file input_22.txt (compact mmCIF, N, CA, C and O atoms)
# COMPACT_ATOMS: atom_id res chain seq x y z
N MET A 741 106.10 171.85 97.07
CA MET A 741 106.92 171.16 98.05
C MET A 741 107.88 170.22 97.35
O MET A 741 107.51 169.53 96.43
N GLN A 742 109.08 170.22 97.85
CA GLN A 742 110.08 169.34 97.26
C GLN A 742 110.87 168.66 98.36
O GLN A 742 111.11 169.23 99.42
N PHE A 743 111.25 167.44 98.10
CA PHE A 743 112.05 166.65 99.02
C PHE A 743 113.34 167.39 99.36
O PHE A 743 114.01 167.91 98.48
N ASP A 744 113.68 167.44 100.65
CA ASP A 744 114.87 168.15 101.11
C ASP A 744 115.97 167.14 101.43
O ASP A 744 116.01 166.55 102.50
N ARG A 745 116.87 166.95 100.49
CA ARG A 745 117.93 165.94 100.64
C ARG A 745 118.87 166.28 101.79
O ARG A 745 119.43 165.39 102.42
N GLU A 746 119.04 167.56 102.08
CA GLU A 746 119.92 167.96 103.19
C GLU A 746 119.35 167.52 104.53
O GLU A 746 120.07 167.12 105.43
N ARG A 747 118.04 167.56 104.64
CA ARG A 747 117.41 167.09 105.88
C ARG A 747 117.56 165.57 106.02
O ARG A 747 117.72 165.06 107.13
N LEU A 748 117.47 164.87 104.91
CA LEU A 748 117.68 163.42 104.95
C LEU A 748 119.08 163.12 105.48
O LEU A 748 119.26 162.28 106.35
N ALA A 749 120.08 163.82 104.97
CA ALA A 749 121.46 163.63 105.43
C ALA A 749 121.59 163.98 106.91
O ALA A 749 122.27 163.28 107.66
N GLU A 750 120.93 165.05 107.32
CA GLU A 750 120.98 165.48 108.72
C GLU A 750 120.41 164.40 109.65
O GLU A 750 121.00 164.07 110.68
N VAL A 751 119.26 163.86 109.28
CA VAL A 751 118.63 162.81 110.10
C VAL A 751 119.52 161.57 110.12
O VAL A 751 119.73 160.96 111.17
N ARG A 752 120.05 161.19 108.98
CA ARG A 752 120.94 160.03 108.90
C ARG A 752 122.12 160.20 109.84
O ARG A 752 122.44 159.31 110.64
N LYS A 753 122.76 161.36 109.79
CA LYS A 753 123.93 161.61 110.64
C LYS A 753 123.56 161.63 112.11
O LYS A 753 124.32 161.15 112.95
N SER A 754 122.37 162.15 112.44
CA SER A 754 121.95 162.19 113.84
C SER A 754 121.74 160.79 114.41
O SER A 754 121.84 160.59 115.61
N LEU A 755 121.49 159.83 113.53
CA LEU A 755 121.32 158.44 113.95
C LEU A 755 122.65 157.69 113.98
O LEU A 755 122.69 156.52 114.37
N GLY A 756 123.71 158.35 113.54
CA GLY A 756 125.04 157.73 113.55
C GLY A 756 125.29 156.81 112.37
O GLY A 756 126.20 155.99 112.41
N TYR A 757 124.52 156.94 111.31
CA TYR A 757 124.70 156.11 110.12
C TYR A 757 125.58 156.81 109.09
O TYR A 757 125.46 158.02 108.89
N ASN A 758 126.42 156.04 108.42
CA ASN A 758 126.99 156.53 107.18
C ASN A 758 125.99 156.16 106.09
O ASN A 758 124.96 155.54 106.37
N LYS A 759 126.26 156.52 104.86
CA LYS A 759 125.28 156.26 103.79
C LYS A 759 125.01 154.77 103.61
O LYS A 759 123.87 154.35 103.43
N ALA A 760 126.05 153.96 103.69
CA ALA A 760 125.88 152.52 103.52
C ALA A 760 125.05 151.94 104.67
O ALA A 760 124.19 151.08 104.45
N GLY A 761 125.29 152.40 105.87
CA GLY A 761 124.52 151.95 107.03
C GLY A 761 123.06 152.34 106.93
O GLY A 761 122.17 151.56 107.29
N ALA A 762 122.81 153.54 106.44
CA ALA A 762 121.43 153.99 106.25
C ALA A 762 120.73 153.11 105.22
O ALA A 762 119.59 152.71 105.42
N ALA A 763 121.43 152.80 104.14
CA ALA A 763 120.86 151.94 103.11
C ALA A 763 120.52 150.57 103.68
O ALA A 763 119.44 150.03 103.42
N ARG A 764 121.41 150.01 104.50
CA ARG A 764 121.13 148.71 105.13
C ARG A 764 119.92 148.80 106.05
O ARG A 764 119.07 147.91 106.05
N ALA A 765 119.84 149.87 106.84
CA ALA A 765 118.71 150.04 107.77
C ALA A 765 117.38 150.14 107.01
O ALA A 765 116.33 149.77 107.53
N LEU A 766 117.44 150.65 105.80
CA LEU A 766 116.24 150.82 104.98
C LEU A 766 116.02 149.65 104.02
O LEU A 766 115.06 149.65 103.25
N ASN A 767 116.96 148.70 104.04
CA ASN A 767 116.89 147.53 103.16
C ASN A 767 116.83 147.94 101.68
O ASN A 767 116.01 147.47 100.91
N MET A 768 117.73 148.87 101.34
CA MET A 768 117.84 149.28 99.94
C MET A 768 119.31 149.32 99.56
O MET A 768 120.18 149.23 100.42
N SER A 769 119.57 149.45 98.29
CA SER A 769 120.96 149.48 97.85
C SER A 769 121.61 150.81 98.26
O SER A 769 120.93 151.84 98.37
N ALA A 770 122.91 150.75 98.49
CA ALA A 770 123.64 151.96 98.85
C ALA A 770 123.56 152.97 97.69
O ALA A 770 123.45 154.17 97.93
N MET A 771 123.59 152.48 96.47
CA MET A 771 123.51 153.36 95.31
C MET A 771 122.15 154.06 95.26
O MET A 771 122.06 155.26 95.03
N GLY A 772 121.08 153.29 95.52
CA GLY A 772 119.73 153.87 95.50
C GLY A 772 119.56 154.92 96.58
O GLY A 772 119.03 156.00 96.33
N TYR A 773 120.03 154.60 97.79
CA TYR A 773 119.94 155.57 98.88
C TYR A 773 120.77 156.81 98.54
O TYR A 773 120.32 157.94 98.73
N GLY A 774 121.96 156.60 98.05
CA GLY A 774 122.85 157.71 97.70
C GLY A 774 122.22 158.66 96.68
O GLY A 774 122.42 159.87 96.76
N ARG A 775 121.45 158.11 95.76
CA ARG A 775 120.78 158.95 94.76
C ARG A 775 119.78 159.91 95.41
O ARG A 775 119.62 161.04 94.97
N TYR A 776 119.09 159.43 96.46
CA TYR A 776 118.17 160.32 97.18
C TYR A 776 118.92 161.44 97.87
O TYR A 776 118.57 162.60 97.77
N GLU A 777 119.98 161.05 98.56
CA GLU A 777 120.72 162.05 99.34
C GLU A 777 121.51 163.01 98.45
O GLU A 777 121.72 164.16 98.81
N ASN A 778 121.93 162.55 97.30
CA ASN A 778 122.67 163.42 96.36
C ASN A 778 121.75 164.29 95.52
O ASN A 778 122.20 165.18 94.82
N GLY A 779 120.46 164.01 95.56
CA GLY A 779 119.49 164.81 94.80
C GLY A 779 119.34 164.34 93.36
O GLY A 779 118.71 165.03 92.56
N ASP A 780 119.90 163.16 93.04
CA ASP A 780 119.77 162.63 91.69
C ASP A 780 118.40 162.01 91.45
O ASP A 780 117.99 161.83 90.30
N ARG A 781 117.72 161.68 92.55
CA ARG A 781 116.43 161.02 92.44
C ARG A 781 115.56 161.47 93.61
O ARG A 781 116.04 161.68 94.71
N THR A 782 114.26 161.58 93.37
CA THR A 782 113.32 161.95 94.42
C THR A 782 112.53 160.70 94.83
O THR A 782 111.95 160.04 93.96
N PRO A 783 112.49 160.39 96.13
CA PRO A 783 111.74 159.21 96.55
C PRO A 783 110.24 159.42 96.38
O PRO A 783 109.74 160.54 96.49
N SER A 784 109.54 158.32 96.11
CA SER A 784 108.08 158.38 96.05
C SER A 784 107.56 158.68 97.45
O SER A 784 108.28 158.56 98.44
N TYR A 785 106.29 159.03 97.54
CA TYR A 785 105.71 159.31 98.84
C TYR A 785 105.77 158.07 99.72
O TYR A 785 106.06 158.16 100.91
N GLN A 786 105.53 156.90 99.15
CA GLN A 786 105.60 155.65 99.91
C GLN A 786 107.01 155.44 100.47
O GLN A 786 107.17 155.09 101.63
N THR A 787 108.01 155.64 99.64
CA THR A 787 109.39 155.47 100.08
C THR A 787 109.74 156.50 101.14
O THR A 787 110.38 156.18 102.14
N LEU A 788 109.32 157.71 100.94
CA LEU A 788 109.57 158.77 101.91
C LEU A 788 108.91 158.45 103.25
O LEU A 788 109.51 158.65 104.31
N SER A 789 107.70 157.91 103.21
CA SER A 789 107.01 157.50 104.44
C SER A 789 107.78 156.40 105.16
O SER A 789 107.92 156.42 106.38
N PHE A 790 108.28 155.46 104.39
CA PHE A 790 109.06 154.35 104.95
C PHE A 790 110.34 154.86 105.60
O PHE A 790 110.69 154.49 106.72
N ILE A 791 111.04 155.74 104.90
CA ILE A 791 112.28 156.32 105.43
C ILE A 791 111.98 157.08 106.71
O ILE A 791 112.68 156.93 107.71
N ALA A 792 110.95 157.91 106.69
CA ALA A 792 110.59 158.71 107.86
C ALA A 792 110.28 157.81 109.05
O ALA A 792 110.76 158.06 110.17
N GLU A 793 109.52 156.75 108.82
CA GLU A 793 109.18 155.84 109.92
C GLU A 793 110.42 155.17 110.48
O GLU A 793 110.63 155.14 111.69
N ARG A 794 111.27 154.65 109.61
CA ARG A 794 112.48 153.96 110.06
C ARG A 794 113.45 154.89 110.77
O ARG A 794 114.16 154.49 111.67
N PHE A 795 113.50 156.13 110.34
CA PHE A 795 114.45 157.09 110.91
C PHE A 795 113.86 157.93 112.04
O PHE A 795 114.52 158.81 112.57
N GLY A 796 112.60 157.67 112.40
CA GLY A 796 111.99 158.37 113.52
C GLY A 796 111.72 159.84 113.27
O GLY A 796 111.77 160.66 114.19
N THR A 797 111.41 160.15 112.03
CA THR A 797 111.10 161.54 111.68
C THR A 797 109.76 161.56 110.95
O THR A 797 109.02 160.59 111.01
N THR A 798 109.46 162.65 110.29
CA THR A 798 108.18 162.76 109.57
C THR A 798 108.43 163.09 108.11
O THR A 798 109.47 163.66 107.74
N VAL A 799 107.45 162.76 107.30
CA VAL A 799 107.50 163.12 105.88
C VAL A 799 107.56 164.63 105.75
O VAL A 799 108.32 165.16 104.93
N GLU A 800 106.79 165.32 106.58
CA GLU A 800 106.74 166.79 106.52
C GLU A 800 108.13 167.39 106.77
O GLU A 800 108.51 168.36 106.10
N TYR A 801 108.88 166.81 107.70
CA TYR A 801 110.23 167.32 107.96
C TYR A 801 111.13 167.07 106.75
O TYR A 801 111.86 167.96 106.33
N LEU A 802 111.04 165.88 106.19
CA LEU A 802 111.88 165.56 105.02
C LEU A 802 111.48 166.36 103.78
O LEU A 802 112.28 166.53 102.87
N MET A 803 110.23 166.86 103.77
CA MET A 803 109.78 167.69 102.65
C MET A 803 110.05 169.17 102.90
O MET A 803 109.83 170.00 102.02
N GLY A 804 110.52 169.50 104.10
CA GLY A 804 110.84 170.90 104.40
C GLY A 804 109.65 171.74 104.81
O GLY A 804 109.75 172.96 104.88
N THR A 805 108.50 171.09 105.11
CA THR A 805 107.32 171.86 105.49
C THR A 805 107.12 171.93 107.00
O THR A 805 106.18 172.57 107.46
N SER A 806 107.97 171.25 107.76
CA SER A 806 107.89 171.28 109.21
C SER A 806 109.28 171.41 109.79
O SER A 806 110.24 170.86 109.25
N LYS A 807 109.39 172.13 110.89
CA LYS A 807 110.68 172.28 111.56
C LYS A 807 110.88 171.19 112.61
O LYS A 807 111.96 171.06 113.17
N LYS A 808 109.84 170.41 112.86
CA LYS A 808 109.88 169.37 113.89
C LYS A 808 110.46 168.09 113.29
O LYS A 808 109.83 167.42 112.48
N ALA A 809 111.69 167.75 113.72
CA ALA A 809 112.38 166.59 113.14
C ALA A 809 111.92 165.27 113.73
O ALA A 809 111.95 164.25 113.05
N LYS A 810 111.52 165.26 114.98
CA LYS A 810 111.16 164.01 115.65
C LYS A 810 109.69 163.68 115.45
O LYS A 810 108.83 164.54 115.60
N SER A 811 109.43 162.43 115.16
CA SER A 811 108.07 161.97 115.02
C SER A 811 107.41 161.84 116.39
O SER A 811 108.09 161.53 117.37
N GLU A 812 106.13 162.08 116.44
CA GLU A 812 105.39 161.94 117.69
C GLU A 812 104.50 160.70 117.66
O GLU A 812 103.59 160.56 118.46
N THR A 813 104.76 159.81 116.73
CA THR A 813 104.00 158.56 116.64
C THR A 813 104.96 157.38 116.52
O THR A 813 106.08 157.53 116.05
N ILE A 814 104.46 156.23 116.94
CA ILE A 814 105.19 154.98 116.80
C ILE A 814 104.24 153.99 116.14
O ILE A 814 103.09 153.87 116.55
N THR A 815 104.72 153.27 115.16
CA THR A 815 103.92 152.27 114.49
C THR A 815 104.31 150.90 115.02
O THR A 815 105.49 150.54 115.02
N ILE A 816 103.32 150.15 115.48
CA ILE A 816 103.55 148.80 115.97
C ILE A 816 102.76 147.86 115.06
O ILE A 816 101.54 147.99 114.95
N THR A 817 103.46 146.95 114.44
CA THR A 817 102.77 146.00 113.57
C THR A 817 102.69 144.63 114.24
O THR A 817 103.58 144.24 115.00
N LYS A 818 101.61 143.94 113.96
CA LYS A 818 101.41 142.61 114.54
C LYS A 818 102.49 141.65 114.04
O LYS A 818 102.97 140.80 114.79
N LYS A 819 102.87 141.79 112.81
CA LYS A 819 103.87 140.89 112.23
C LYS A 819 105.24 141.08 112.89
O LYS A 819 105.92 140.12 113.22
N ALA A 820 105.63 142.33 113.11
CA ALA A 820 106.96 142.62 113.66
C ALA A 820 107.04 142.36 115.16
O ALA A 820 108.08 141.93 115.67
N ASN A 821 105.95 142.63 115.88
CA ASN A 821 105.98 142.49 117.33
C ASN A 821 104.59 142.11 117.84
O ASN A 821 103.86 142.94 118.38
N PRO A 822 104.20 140.83 117.68
CA PRO A 822 102.83 140.42 118.00
C PRO A 822 102.44 140.63 119.46
O PRO A 822 101.30 141.00 119.75
N GLU A 823 103.36 140.40 120.39
CA GLU A 823 103.01 140.57 121.81
C GLU A 823 102.73 142.02 122.16
O GLU A 823 101.76 142.33 122.85
N LEU A 824 103.58 142.92 121.68
CA LEU A 824 103.37 144.34 121.94
C LEU A 824 102.09 144.83 121.25
O LEU A 824 101.33 145.61 121.81
N PHE A 825 101.85 144.34 120.05
CA PHE A 825 100.64 144.70 119.32
C PHE A 825 99.40 144.29 120.12
O PHE A 825 98.45 145.07 120.27
N ASP A 826 99.40 143.04 120.64
CA ASP A 826 98.27 142.57 121.43
C ASP A 826 98.10 143.40 122.71
O ASP A 826 96.98 143.71 123.11
N LEU A 827 99.21 143.76 123.35
CA LEU A 827 99.14 144.58 124.56
C LEU A 827 98.50 145.93 124.27
O LEU A 827 97.58 146.35 124.96
N VAL A 828 98.98 146.59 123.24
CA VAL A 828 98.44 147.91 122.90
C VAL A 828 96.98 147.80 122.48
O VAL A 828 96.15 148.63 122.84
N SER A 829 96.64 146.74 121.75
CA SER A 829 95.23 146.53 121.37
C SER A 829 94.36 146.37 122.61
O SER A 829 93.27 146.94 122.69
N SER A 830 94.83 145.60 123.58
CA SER A 830 94.08 145.40 124.82
C SER A 830 93.92 146.71 125.58
O SER A 830 92.86 147.00 126.12
N LEU A 831 95.00 147.50 125.61
CA LEU A 831 94.96 148.78 126.33
C LEU A 831 93.96 149.74 125.70
O LEU A 831 93.31 150.52 126.40
N SER A 832 93.84 149.69 124.39
CA SER A 832 92.93 150.61 123.72
C SER A 832 91.47 150.27 124.01
O SER A 832 90.59 151.11 123.82
N LYS A 833 91.21 149.05 124.50
CA LYS A 833 89.83 148.62 124.78
C LYS A 833 89.48 148.65 126.26
O LYS A 833 88.31 148.56 126.61
N ASP A 834 90.50 148.73 127.12
CA ASP A 834 90.25 148.58 128.56
C ASP A 834 90.94 149.69 129.35
O ASP A 834 92.14 149.62 129.61
N GLY A 835 90.16 150.70 129.74
CA GLY A 835 90.71 151.84 130.47
C GLY A 835 91.31 151.45 131.82
O GLY A 835 92.32 152.01 132.23
N ASP A 836 90.69 150.49 132.53
CA ASP A 836 91.22 150.06 133.83
C ASP A 836 92.58 149.39 133.66
O ASP A 836 93.49 149.62 134.46
N LEU A 837 92.70 148.55 132.65
CA LEU A 837 93.99 147.89 132.39
C LEU A 837 95.06 148.93 132.07
O LEU A 837 96.19 148.83 132.53
N THR A 838 94.69 149.94 131.32
CA THR A 838 95.63 151.01 130.98
C THR A 838 96.13 151.71 132.25
O THR A 838 97.34 151.91 132.42
N LYS A 839 95.21 152.03 133.15
CA LYS A 839 95.59 152.70 134.40
C LYS A 839 96.52 151.82 135.23
O LYS A 839 97.51 152.30 135.79
N ARG A 840 96.20 150.54 135.33
CA ARG A 840 97.03 149.62 136.12
C ARG A 840 98.42 149.47 135.51
O ARG A 840 99.43 149.48 136.21
N LEU A 841 98.47 149.35 134.20
CA LEU A 841 99.76 149.19 133.54
C LEU A 841 100.60 150.46 133.66
O LEU A 841 101.81 150.38 133.90
N LEU A 842 99.98 151.62 133.54
CA LEU A 842 100.71 152.88 133.71
C LEU A 842 101.24 153.03 135.13
O LEU A 842 102.35 153.51 135.33
N ALA A 843 100.46 152.61 136.12
CA ALA A 843 100.92 152.67 137.51
C ALA A 843 102.12 151.74 137.69
O ALA A 843 103.12 152.11 138.34
N TYR A 844 102.07 150.57 137.10
CA TYR A 844 103.19 149.63 137.18
C TYR A 844 104.42 150.20 136.48
O TYR A 844 105.53 150.16 137.01
N TYR A 845 104.21 150.78 135.32
CA TYR A 845 105.30 151.40 134.58
C TYR A 845 105.98 152.50 135.41
O TYR A 845 107.19 152.58 135.50
N ASN A 846 105.16 153.35 136.01
CA ASN A 846 105.71 154.45 136.83
C ASN A 846 106.48 153.93 138.03
O ASN A 846 107.46 154.53 138.45
N THR A 847 106.06 152.80 138.59
CA THR A 847 106.79 152.18 139.69
C THR A 847 108.16 151.68 139.22
O THR A 847 109.17 151.86 139.90
N LEU A 848 108.18 151.07 138.05
CA LEU A 848 109.44 150.56 137.50
C LEU A 848 110.40 151.67 137.12
O LEU A 848 111.61 151.52 137.25
N LYS A 849 109.85 152.76 136.67
CA LYS A 849 110.65 153.89 136.20
C LYS A 849 111.36 154.50 137.38
O LYS A 849 112.43 154.83 137.51

call {"tool": "encode", "arguments": {"input": "input_22.txt", "output": "structure tokens"}}
result
Amino acid sequence: MQFDRERLAEVRKSLGYNKAGAARALNMSAMGYGRYENGDRTPSYQTLSFIAERFGTTVEYLMGTSKKAKSETITITKKANPELFDLVSSLSKDGDLTKRLLAYYNTLK
């Protein structure tokens, strides 16, 4: 398996980023990001995971082993969004609360 730089460019473009914008979104240098997309450098698995998470895709898609570009998971961290993290934690422990919140959500929708 090898990193597919063309898929990285495809995902970047689908998000409306130019290379510099993608680098900013990933908090890396434009030169460093450009090296990945140009094929001059292969990202580590950790970096690839970070890129996939930020761009809403999967490592498998960026590696060319999956045709599914969209991720089916969302990561919520306590540091980035403590209220949402607490809500999801509560929902995972209380089935009744989950049902009530889903009913409320469906009403709002």

call {"tool": "select_by_dssp", "arguments": {"input": "input_22.txt", "residues": "chain A", "states": "helix (DSSP H, G or I)", "output": "VMD selection string"}}
result
chain A and resid 745 to 754 759 to 765 770 to 778 785 to 795 799 to 803 822 to 833 835 to 848

call {"tool": "residues_around", "arguments": {"input": "input_22.txt", "residues": "A:Val799", "least_positions_apart": "3", "cutoff": "9 Å", "atoms": "only C-alpha atoms", "output": "number ranges by chain"}}
result
A: 743, 785, 788-793, 802-806

call {"tool": "atom_distance", "arguments": {"input": "input_22.txt", "atom1": "atom CA of A:Thr797", "atom2": "atom O of A:Lys810"}}
result
5.4 Å

call {"tool": "residues_near_point", "arguments": {"input": "input_22.txt", "point": "(116.7, 166.8, 101.3)", "cutoff": "7 Å", "atoms": "only N, CA, C and O atoms", "output": "ChimeraX atom specification"}}
result
/A:742-749,776-777,802-803

call {"tool": "write_last_selection", "arguments": {"input": "input_22.txt", "atoms": "N, CA, C and O atoms", "output": "PDB file, in the coordinates of the input"}}
result
ATOM      1  N   GLN A 742     109.080 170.220  97.850  1.00  0.00           N
ATOM      2  CA  GLN A 742     110.080 169.340  97.260  1.00  0.00           C
ATOM      3  C   GLN A 742     110.870 168.660  98.360  1.00  0.00           C
ATOM      4  O   GLN A 742     111.110 169.230  99.420  1.00  0.00           O
ATOM      5  N   PHE A 743     111.250 167.440  98.100  1.00  0.00           N
ATOM      6  CA  PHE A 743     112.050 166.650  99.020  1.00  0.00           C
ATOM      7  C   PHE A 743     113.340 167.390  99.360  1.00  0.00           C
ATOM      8  O   PHE A 743     114.010 167.910  98.480  1.00  0.00           O
ATOM      9  N   ASP A 744     113.680 167.440 100.650  1.00  0.00           N
ATOM     10  CA  ASP A 744     114.870 168.150 101.110  1.00  0.00           C
ATOM     11  C   ASP A 744     115.970 167.140 101.430  1.00  0.00           C
ATOM     12  O   ASP A 744     116.010 166.550 102.500  1.00  0.00           O
ATOM     13  N   ARG A 745     116.870 166.950 100.490  1.00  0.00           N
ATOM     14  CA  ARG A 745     117.930 165.940 100.640  1.00  0.00           C
ATOM     15  C   ARG A 745     118.870 166.280 101.790  1.00  0.00           C
ATOM     16  O   ARG A 745     119.430 165.390 102.420  1.00  0.00           O
ATOM     17  N   GLU A 746     119.040 167.560 102.080  1.00  0.00           N
ATOM     18  CA  GLU A 746     119.920 167.960 103.190  1.00  0.00           C
ATOM     19  C   GLU A 746     119.350 167.520 104.530  1.00  0.00           C
ATOM     20  O   GLU A 746     120.070 167.120 105.430  1.00  0.00           O
ATOM     21  N   ARG A 747     118.040 167.560 104.640  1.00  0.00           N
ATOM     22  CA  ARG A 747     117.410 167.090 105.880  1.00  0.00           C
ATOM     23  C   ARG A 747     117.560 165.570 106.020  1.00  0.00           C
ATOM     24  O   ARG A 747     117.720 165.060 107.130  1.00  0.00           O
ATOM     25  N   LEU A 748     117.470 164.870 104.910  1.00  0.00           N
ATOM     26  CA  LEU A 748     117.680 163.420 104.950  1.00  0.00           C
ATOM     27  C   LEU A 748     119.080 163.120 105.480  1.00  0.00           C
ATOM     28  O   LEU A 748     119.260 162.280 106.350  1.00  0.00           O
ATOM     29  N   ALA A 749     120.080 163.820 104.970  1.00  0.00           N
ATOM     30  CA  ALA A 749     121.460 163.630 105.430  1.00  0.00           C
ATOM     31  C   ALA A 749     121.590 163.980 106.910  1.00  0.00           C
ATOM     32  O   ALA A 749     122.270 163.280 107.660  1.00  0.00           O
ATOM     33  N   TYR A 776     119.090 159.430  96.460  1.00  0.00           N
ATOM     34  CA  TYR A 776     118.170 160.320  97.180  1.00  0.00           C
ATOM     35  C   TYR A 776     118.920 161.440  97.870  1.00  0.00           C
ATOM     36  O   TYR A 776     118.570 162.600  97.770  1.00  0.00           O
ATOM     37  N   GLU A 777     119.980 161.050  98.560  1.00  0.00           N
ATOM     38  CA  GLU A 777     120.720 162.050  99.340  1.00  0.00           C
ATOM     39  C   GLU A 777     121.510 163.010  98.450  1.00  0.00           C
ATOM     40  O   GLU A 777     121.720 164.160  98.810  1.00  0.00           O
ATOM     41  N   LEU A 802     111.040 165.880 106.190  1.00  0.00           N
ATOM     42  CA  LEU A 802     111.880 165.560 105.020  1.00  0.00           C
ATOM     43  C   LEU A 802     111.480 166.360 103.780  1.00  0.00           C
ATOM     44  O   LEU A 802     112.280 166.530 102.870  1.00  0.00           O
ATOM     45  N   MET A 803     110.230 166.860 103.770  1.00  0.00           N
ATOM     46  CA  MET A 803     109.780 167.690 102.650  1.00  0.00           C
ATOM     47  C   MET A 803     110.050 169.170 102.900  1.00  0.00           C
ATOM     48  O   MET A 803     109.830 170.000 102.020  1.00  0.00           O
TER      49      MET A 803
END

call {"tool": "atom_distance", "arguments": {"input": "input_22.txt", "atom1": "atom N of A:Ala770", "atom2": "atom C of A:Asn758"}}
result
9.8 Å

call {"tool": "atom_distance", "arguments": {"input": "input_22.txt", "atom1": "atom C of A:Thr787", "atom2": "atom CA of A:Leu766"}}
result
9.4 Å

call {"tool": "decode", "arguments": {"input": "input_22.txt", "residues": "stretch 807-813 of chain A", "atoms": "all heavy atoms", "output": "tab-separated table (two decimals), in the first residue's frame"}}
result
chain	number	residue	atom	x	y	z
A	807	LYS	N	-12.68	2.82	-1.76
A	807	LYS	CA	-13.28	3.76	-2.71
A	807	LYS	C	-14.18	4.77	-2.00
A	807	LYS	O	-14.65	5.71	-2.61
A	807	LYS	CB	-14.08	2.99	-3.75
A	807	LYS	CG	-13.20	2.15	-4.66
A	807	LYS	CD	-14.02	1.43	-5.69
A	807	LYS	CE	-13.09	0.58	-6.57
A	807	LYS	NZ	-13.83	-0.12	-7.61
A	808	LYS	N	-14.39	4.56	-0.71
A	808	LYS	CA	-15.28	5.41	0.07
A	808	LYS	C	-14.49	6.62	0.59
A	808	LYS	O	-13.64	6.50	1.47
A	808	LYS	CB	-15.85	4.62	1.24
A	808	LYS	CG	-17.03	5.25	1.89
A	808	LYS	CD	-17.55	4.37	3.00
A	808	LYS	CE	-18.75	3.62	2.53
A	808	LYS	NZ	-19.42	2.87	3.59
A	809	ALA	N	-14.79	7.80	0.03
A	809	ALA	CA	-14.04	9.00	0.38
A	809	ALA	C	-14.48	9.63	1.69
A	809	ALA	O	-13.68	10.25	2.39
A	809	ALA	CB	-14.14	10.03	-0.74
A	810	LYS	N	-15.75	9.51	2.03
A	810	LYS	CA	-16.28	10.17	3.22
A	810	LYS	C	-16.13	9.28	4.45
A	810	LYS	O	-16.44	8.10	4.41
A	810	LYS	CB	-17.76	10.53	3.05
A	810	LYS	CG	-18.00	11.58	2.01
A	810	LYS	CD	-17.53	12.92	2.51
A	810	LYS	CE	-17.76	13.99	1.47
A	810	LYS	NZ	-17.17	15.24	1.80
A	811	SER	N	-15.70	9.90	5.53
A	811	SER	CA	-15.59	9.19	6.79
A	811	SER	C	-16.97	8.97	7.39
A	811	SER	O	-17.86	9.80	7.21
A	811	SER	CB	-14.73	10.00	7.76
A	811	SER	OG	-14.67	9.37	9.01
A	812	GLU	N	-17.13	7.88	8.09
A	812	GLU	CA	-18.40	7.60	8.75
A	812	GLU	C	-18.27	7.77	10.26
A	812	GLU	O	-19.11	7.30	11.02
A	812	GLU	CB	-18.87	6.19	8.40
A	812	GLU	CG	-19.21	6.05	6.93
A	812	GLU	CD	-19.72	4.68	6.56
A	812	GLU	OE1	-19.74	3.77	7.42
A	812	GLU	OE2	-20.11	4.51	5.39
A	813	THR	N	-17.22	8.43	10.70
A	813	THR	CA	-17.03	8.70	12.12
A	813	THR	C	-16.70	10.17	12.33
A	813	THR	O	-16.19	10.84	11.44
A	813	THR	CB	-15.89	7.85	12.72
A	813	THR	OG1	-14.67	8.19	12.06
A	813	THR	CG2	-16.15	6.38	12.60
